[in-house]
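**Q** Coordinates in model-v1.json, JSON, C-alpha atoms, are listed below.
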[["chain", "number", "residue", "atom", "x", "y", "z"],
["A", 19, "GLU", "CA", 118.32, 119.63, 99.72],
["A", 20, "SER", "CA", 118.79, 121.96, 102.68],
["A", 21, "ASN", "CA", 122.35, 122.82, 101.57],
["A", 22, "GLU", "CA", 120.99, 124.04, 98.21],
["A", 23, "LEU", "CA", 118.57, 126.73, 99.43],
["A", 24, "ASP", "CA", 120.75, 129.40, 97.83],
["A", 25, "LEU", "CA", 119.74, 127.95, 94.44],
["A", 26, "LEU", "CA", 116.11, 129.14, 94.83],
["A", 27, "SER", "CA", 117.00, 132.40, 93.06],
["A", 28, "ARG", "CA", 117.27, 130.33, 89.85],
["A", 29, "LEU", "CA", 113.47, 130.09, 89.82],
["A", 30, "ALA", "CA", 113.24, 133.81, 89.12],
["A", 31, "THR", "CA", 115.91, 133.75, 86.41],
["A", 32, "GLY", "CA", 114.63, 130.63, 84.64],
["A", 33, "GLU", "CA", 117.84, 128.69, 85.30],
["A", 34, "TYR", "CA", 116.24, 125.30, 85.80],
["A", 35, "GLY", "CA", 115.07, 122.27, 83.91],
["A", 36, "ILE", "CA", 111.83, 120.32, 83.98],
["A", 37, "SER", "CA", 111.71, 116.56, 84.50],
["A", 38, "ARG", "CA", 108.53, 114.95, 83.17],
["A", 39, "ARG", "CA", 107.50, 111.77, 84.98],
["A", 40, "MET", "CA", 105.07, 109.05, 84.00],
["A", 41, "LEU", "CA", 102.21, 108.28, 86.41],
["A", 42, "ILE", "CA", 100.01, 105.19, 86.53],
["A", 43, "ASP", "CA", 96.28, 104.85, 87.03],
["A", 44, "VAL", "CA", 94.87, 102.14, 89.27],
["A", 45, "ILE", "CA", 91.29, 101.35, 88.26],
["A", 46, "TYR", "CA", 89.44, 99.55, 91.05],
["A", 47, "GLU", "CA", 85.95, 98.82, 89.71],
["A", 48, "GLY", "CA", 83.28, 100.14, 92.04],
["A", 49, "HIS", "CA", 85.83, 102.04, 94.14],
["A", 50, "GLY", "CA", 87.35, 104.58, 91.76],
["A", 51, "THR", "CA", 90.43, 105.42, 89.75],
["A", 52, "TYR", "CA", 93.57, 106.48, 91.56],
["A", 53, "THR", "CA", 96.52, 108.27, 89.98],
["A", 54, "VAL", "CA", 99.81, 106.99, 91.37],
["A", 55, "ILE", "CA", 103.10, 108.89, 91.64],
["A", 56, "ASN", "CA", 105.25, 106.12, 93.16],
["A", 57, "ASP", "CA", 103.63, 102.74, 93.72],
["A", 58, "VAL", "CA", 100.64, 100.59, 94.48],
["A", 59, "VAL", "CA", 101.26, 97.77, 96.94],
["A", 60, "PHE", "CA", 99.11, 94.66, 97.34],
["A", 61, "SER", "CA", 99.81, 93.07, 100.75],
["A", 62, "LYS", "CA", 98.52, 90.04, 102.57],
["A", 63, "CYS", "CA", 96.58, 91.05, 105.66],
["A", 64, "ARG", "CA", 98.08, 90.56, 109.09],
["A", 65, "HIS", "CA", 97.86, 86.97, 110.36],
["A", 66, "SER", "CA", 96.77, 85.87, 106.89],
["A", 67, "LYS", "CA", 98.03, 82.92, 104.85],
["A", 68, "LEU", "CA", 99.79, 83.71, 101.57],
["A", 69, "PRO", "CA", 97.35, 84.64, 98.81],
["A", 70, "GLU", "CA", 98.05, 83.66, 95.22],
["A", 71, "PHE", "CA", 98.33, 86.73, 93.01],
["A", 72, "SER", "CA", 97.60, 86.62, 89.30],
["A", 73, "VAL", "CA", 98.98, 89.27, 86.95],
["A", 74, "SER", "CA", 97.78, 89.40, 83.35],
["A", 75, "VAL", "CA", 98.78, 91.61, 80.46],
["A", 76, "GLU", "CA", 96.07, 92.23, 77.89],
["A", 77, "GLY", "CA", 94.31, 88.99, 78.84],
["A", 78, "TYR", "CA", 97.42, 86.79, 78.98],
["A", 79, "GLU", "CA", 98.42, 85.53, 82.44],
["A", 80, "VAL", "CA", 102.07, 86.49, 82.97],
["A", 81, "THR", "CA", 102.51, 85.23, 86.51],
["A", 82, "ASN", "CA", 100.59, 83.42, 89.19],
["A", 83, "ILE", "CA", 102.51, 83.69, 92.44],
["A", 84, "ARG", "CA", 102.01, 83.09, 96.15],
["A", 85, "ALA", "CA", 103.68, 85.94, 98.03],
["A", 86, "ASP", "CA", 103.39, 88.33, 100.94],
["A", 87, "GLY", "CA", 102.48, 90.91, 98.33],
["A", 88, "ILE", "CA", 103.32, 92.54, 95.04],
["A", 89, "ILE", "CA", 104.36, 96.06, 94.07],
["A", 90, "PHE", "CA", 103.71, 97.98, 90.87],
["A", 91, "SER", "CA", 105.75, 101.14, 90.59],
["A", 92, "THR", "CA", 106.37, 104.01, 88.27],
["A", 93, "PRO", "CA", 109.97, 104.72, 87.26],
["A", 94, "SER", "CA", 109.98, 107.52, 89.87],
["A", 95, "GLY", "CA", 108.82, 105.03, 92.51],
["A", 96, "SER", "CA", 111.43, 102.42, 91.58],
["A", 97, "THR", "CA", 113.86, 103.79, 94.17],
["A", 98, "ALA", "CA", 111.35, 103.48, 97.03],
["A", 99, "TYR", "CA", 109.74, 100.30, 98.41],
["A", 100, "SER", "CA", 110.32, 98.32, 95.22],
["A", 101, "LEU", "CA", 114.09, 98.87, 95.42],
["A", 102, "SER", "CA", 114.10, 97.65, 99.03],
["A", 103, "ALA", "CA", 112.24, 94.53, 97.89],
["A", 104, "GLY", "CA", 114.85, 93.73, 95.22],
["A", 105, "GLY", "CA", 113.46, 95.65, 92.26],
["A", 106, "PRO", "CA", 115.67, 97.52, 89.78],
["A", 107, "ILE", "CA", 116.50, 101.21, 89.72],
["A", 108, "ILE", "CA", 114.81, 102.78, 86.70],
["A", 109, "PHE", "CA", 115.64, 106.13, 85.11],
["A", 110, "PRO", "CA", 112.75, 108.35, 86.29],
["A", 111, "GLU", "CA", 111.82, 109.68, 82.84],
["A", 112, "ALA", "CA", 111.54, 106.15, 81.37],
["A", 113, "LYS", "CA", 108.11, 104.93, 80.27],
["A", 114, "CYS", "CA", 107.39, 101.57, 81.91],
["A", 115, "ILE", "CA", 105.60, 99.86, 84.79],
["A", 116, "GLU", "CA", 107.67, 97.87, 87.24],
["A", 117, "PHE", "CA", 106.44, 94.72, 89.02],
["A", 118, "THR", "CA", 108.19, 93.39, 92.14],
["A", 119, "PRO", "CA", 106.99, 90.45, 94.25],
["A", 120, "LEU", "CA", 107.34, 90.62, 98.04],
["A", 121, "CYS", "CA", 108.78, 87.50, 99.66],
["A", 122, "ALA", "CA", 107.53, 85.21, 96.89],
["A", 123, "HIS", "CA", 107.06, 81.57, 97.79],
["A", 124, "SER", "CA", 108.83, 80.57, 94.58],
["A", 125, "LEU", "CA", 112.33, 80.57, 93.15],
["A", 126, "PHE", "CA", 110.93, 82.16, 90.01],
["A", 127, "GLY", "CA", 109.27, 85.20, 91.60],
["A", 128, "ARG", "CA", 111.38, 87.93, 90.03],
["A", 129, "PRO", "CA", 110.81, 91.58, 89.17],
["A", 130, "MET", "CA", 109.51, 92.38, 85.69],
["A", 131, "ILE", "CA", 109.29, 95.51, 83.58],
["A", 132, "PHE", "CA", 106.18, 96.07, 81.45],
["A", 133, "SER", "CA", 105.72, 98.50, 78.60],
["A", 134, "SER", "CA", 103.78, 101.62, 79.48],
["A", 135, "ASP", "CA", 101.56, 100.83, 76.49],
["A", 136, "GLN", "CA", 100.20, 97.70, 78.18],
["A", 137, "GLU", "CA", 97.32, 97.40, 80.62],
["A", 138, "LEU", "CA", 97.86, 95.03, 83.55],
["A", 139, "THR", "CA", 95.15, 93.19, 85.47],
["A", 140, "VAL", "CA", 95.61, 91.97, 89.04],
["A", 141, "SER", "CA", 93.48, 89.52, 90.99],
["A", 142, "PHE", "CA", 94.12, 86.98, 93.73],
["A", 143, "THR", "CA", 92.95, 83.63, 95.00],
["A", 144, "ALA", "CA", 92.56, 83.31, 98.75],
["A", 145, "TYR", "CA", 94.27, 80.49, 100.59],
["A", 146, "GLU", "CA", 92.46, 79.52, 103.82],
["A", 147, "ASN", "CA", 90.60, 82.85, 103.85],
["A", 148, "SER", "CA", 93.70, 84.95, 103.20],
["A", 149, "GLY", "CA", 93.01, 88.66, 102.84],
["A", 150, "VAL", "CA", 94.67, 91.36, 100.75],
["A", 151, "SER", "CA", 94.88, 95.11, 101.20],
["A", 152, "ILE", "CA", 96.01, 97.80, 98.77],
["A", 153, "SER", "CA", 98.08, 100.87, 99.56],
["A", 154, "ILE", "CA", 98.49, 103.63, 96.97],
["A", 155, "ASP", "CA", 101.52, 105.88, 97.42],
["A", 156, "GLY", "CA", 101.71, 104.81, 101.06],
["A", 157, "ASN", "CA", 98.21, 106.02, 101.90],
["A", 158, "ASP", "CA", 95.66, 104.16, 104.00],
["A", 159, "ASP", "CA", 94.98, 100.59, 103.01],
["A", 160, "MET", "CA", 91.84, 99.52, 101.18],
["A", 161, "ASP", "CA", 90.49, 95.99, 101.28],
["A", 162, "PHE", "CA", 90.78, 93.99, 98.07],
["A", 163, "TYR", "CA", 88.52, 90.94, 97.82],
["A", 164, "GLU", "CA", 88.85, 87.64, 96.05],
["A", 165, "GLY", "CA", 86.98, 87.74, 92.76],
["A", 166, "GLU", "CA", 87.69, 91.43, 92.19],
["A", 167, "THR", "CA", 90.18, 92.75, 89.64],
["A", 168, "ILE", "CA", 92.24, 95.88, 89.46],
["A", 169, "ARG", "CA", 93.59, 97.34, 86.23],
["A", 170, "ILE", "CA", 96.85, 99.25, 86.07],
["A", 171, "ARG", "CA", 97.88, 101.40, 83.14],
["A", 172, "LYS", "CA", 99.85, 104.50, 82.19],
["A", 173, "SER", "CA", 98.00, 107.64, 83.20],
["A", 174, "GLU", "CA", 97.22, 110.39, 80.72],
["A", 175, "GLN", "CA", 98.49, 112.79, 83.38],
["A", 176, "GLN", "CA", 102.16, 113.33, 84.06],
["A", 177, "LEU", "CA", 104.17, 114.91, 86.85],
["A", 178, "SER", "CA", 106.49, 117.81, 86.04],
["A", 179, "LEU", "CA", 109.29, 118.42, 88.54],
["A", 180, "ILE", "CA", 111.64, 121.38, 88.64],
["A", 181, "ASP", "CA", 115.33, 120.45, 88.50],
["A", 182, "ILE", "CA", 116.91, 123.51, 90.06],
["A", 183, "ASN", "CA", 120.44, 122.24, 90.60],
["A", 184, "GLY", "CA", 121.04, 120.47, 87.29],
["A", 185, "SER", "CA", 122.31, 117.37, 89.03],
["A", 186, "SER", "CA", 121.87, 114.18, 87.15],
["A", 187, "PHE", "CA", 119.75, 111.29, 88.32],
["A", 188, "TYR", "CA", 122.83, 109.06, 88.34],
["A", 189, "LYS", "CA", 124.73, 111.43, 90.62],
["A", 190, "ALA", "CA", 121.79, 111.47, 93.03],
["A", 191, "VAL", "CA", 121.57, 107.65, 92.99],
["A", 192, "HIS", "CA", 125.29, 107.43, 93.69],
["A", 193, "ASN", "CA", 125.22, 109.97, 96.53],
["A", 194, "LYS", "CA", 122.05, 108.70, 98.19],
["A", 195, "LEU", "CA", 122.02, 104.96, 97.54],
["A", 196, "MET", "CA", 125.48, 103.72, 96.62],
["A", 197, "ARG", "CA", 127.55, 105.19, 99.41],
["A", 198, "PRO", "CA", 127.82, 103.39, 102.74],
["A", 199, "LEU", "CA", 126.00, 104.99, 105.67],
["A", 200, "LYS", "CA", 128.24, 106.91, 108.05]]
Please go through the file and, once you have read it, give me the structure as structure tokens.

**A**
Amino acid sequence: ESNELDLLSRLATGEYGISRRMLIDVIYEGHGTYTVINDVVFSKCRHSKLPEFSVSVEGYEVTNIRADGIIFSTPSGSTAYSLSAGGPIIFPEAKCIEFTPLCAHSLFGRPMIFSSDQELTVSFTAYENSGVSISIDGNDDMDFYEGETIRIRKSEQQLSLIDINGSSFYKAVHNKLMRPLK
């Protein structure tokens, strides 16, 4: 934070901690593998009818839901778009993959937490030629076509962040998210 610039001297003295964060890989056959820090968002295209998303875990269909979209986030990404869409706040060093539907056309479309040891598969069925795009960490959208699948799993890579002020995650959540705006 800008009011903590005086703490930069701690880098030279070694007075800091390291926070290790889980990343996820998004494997889009024929298009590449993408390593994700925060989230991957599947969204219906503009002026499109609601697609029906299917999410499977190790071959077992967990949900089949018509929605504006779905989000898969890392614990670090849980306090971004997923939180705004009704997903839970997850401790950033936890090992899990979060799923949050966007404006689900169902009373049962609720967020879920998957083990980081599981591989997820995502596909969709078009409704009246509905289209879907994918955004990874907020970057440019890619088209995702009916009949294709995307796999999501824990990455072998991890993100290491310097914690220079020693403040806890819970203090930051309280100060940034739980206080009313002034």

**Q** So that I can check the surroundings of stretch 88-93 of chain A, please list as an MDAnalysis selection string every protein, DNA and RNA residue that reaches within 9 Å of it, counting only C-alpha atoms and ignoring chain neighbours fewer than 3 positions away.

**A** chainID A and resid 39:42 54:61 71 85 96:100 103 107:122 170 172

**Q** Between A:Leu177, A:Leu68, A:Ala190, A:Val80, single out the one closest to A:Gly149, counting only C-alpha atoms.

**A**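 Between A:Leu177, A:Leu68, A:Ala190, A:Val80, the residue approaching A:Gly149 most closely is A:Leu68.
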
**Q** Which residue, A:Leu26, A:Leu195, A:Val73, A:Ile182, has the smallest gap to A:Thr143 when you use all atoms listed in the file?

**A**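 Closest candidate: A:Val73.
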
**Q** Skip A:Gly48 itself and residues of its chain fewer than 6 positions away, then list as a ChimeraX atom specification all residues within 12 Å of it, counting all atoms listed in the file.

**A** /A:162,166-168

**Q** Mind giving me the straight-line distance from atom CA of A:Gly156 to atom CA of A:His49 in Å, one decimal?

**A** 17.5 Å

**Q** Compare A:Pro106, A:Thr81, A:Glu146, A:Glu164 by their minimum atom-to-atom distance to A:Ile131, counting all atoms listed in the file, and give me the closest one.

**A** A:Pro106

**Q** Please compute the atom CA of A:Tyr163-atom CA of A:Ala144 distance, one decimal, in Å.

**A**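 Separating atom CA of A:Tyr163 from atom CA of A:Ala144 is a distance of 8.7 Å.
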
**Q** What does the distance between atom CA of A:Met130 and atom CA of A:Ile154 come to in Å, to one decimal place?

**A**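 Computed distance, atom CA of A:Met130 to atom CA of A:Ile154, equals 19.4 Å.
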
**Q** Which residue gives the smallest distance to A:Pro129 among A:Asp24, A:Val150, A:Arg64, A:Leu101, with all atoms listed in the file counted?

**A**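 Checking each candidate against A:Pro129, we get A:Leu101 as the closest.
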
**Q** Which one is closest to A:Asp43: A:Glu19, A:Asp155, A:Glu79, A:Asp161? Count all atoms listed in the file.

**A**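 Checking each of A:Glu19, A:Asp155, A:Glu79, A:Asp161 against A:Asp43, counting all atoms listed in the file, the winner is A:Asp155.
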
**Q** So which residues touch A:Tyr34 within 10 Å, counting all atoms listed in the file, skipping near sequence neighbours fewer than 6 positions away, as a VMD selection string?

**A** chain A and resid 25 to 26 28 180 to 184

**Q** Taking (98.9, 91.2, 80.3) in the file's coordinates as the center, which residues reach within 9 Å of it, counting only C-alpha atoms, put as a PDB file with C-alpha atoms, in the coordinates of the input?

**A**
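Resulting contents of point.pdb:
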ATOM      1  CA  VAL A  73      98.980  89.270  86.950  1.00  0.00           C
ATOM      2  CA  SER A  74      97.780  89.400  83.350  1.00  0.00           C
ATOM      3  CA  VAL A  75      98.780  91.610  80.460  1.00  0.00           C
ATOM      4  CA  GLU A  76      96.070  92.230  77.890  1.00  0.00           C
ATOM      5  CA  GLY A  77      94.310  88.990  78.840  1.00  0.00           C
ATOM      6  CA  TYR A  78      97.420  86.790  78.980  1.00  0.00           C
ATOM      7  CA  GLU A  79      98.420  85.530  82.440  1.00  0.00           C
ATOM      8  CA  VAL A  80     102.070  86.490  82.970  1.00  0.00           C
ATOM      9  CA  PHE A 132     106.180  96.070  81.450  1.00  0.00           C
ATOM     10  CA  GLN A 136     100.200  97.700  78.180  1.00  0.00           C
ATOM     11  CA  GLU A 137      97.320  97.400  80.620  1.00  0.00           C
ATOM     12  CA  LEU A 138      97.860  95.030  83.550  1.00  0.00           C
ATOM     13  CA  THR A 139      95.150  93.190  85.470  1.00  0.00           C
TER      14      THR A 139
END

**Q** Find the spatial neighbours of A:Ser72, counting all atoms listed in the file, within a cut-off of 6 Å - ignore same-chain residues fewer than 6 positions away - and output them as a PyMOL selection string.

**A** chain A and resi 81-82+140-142
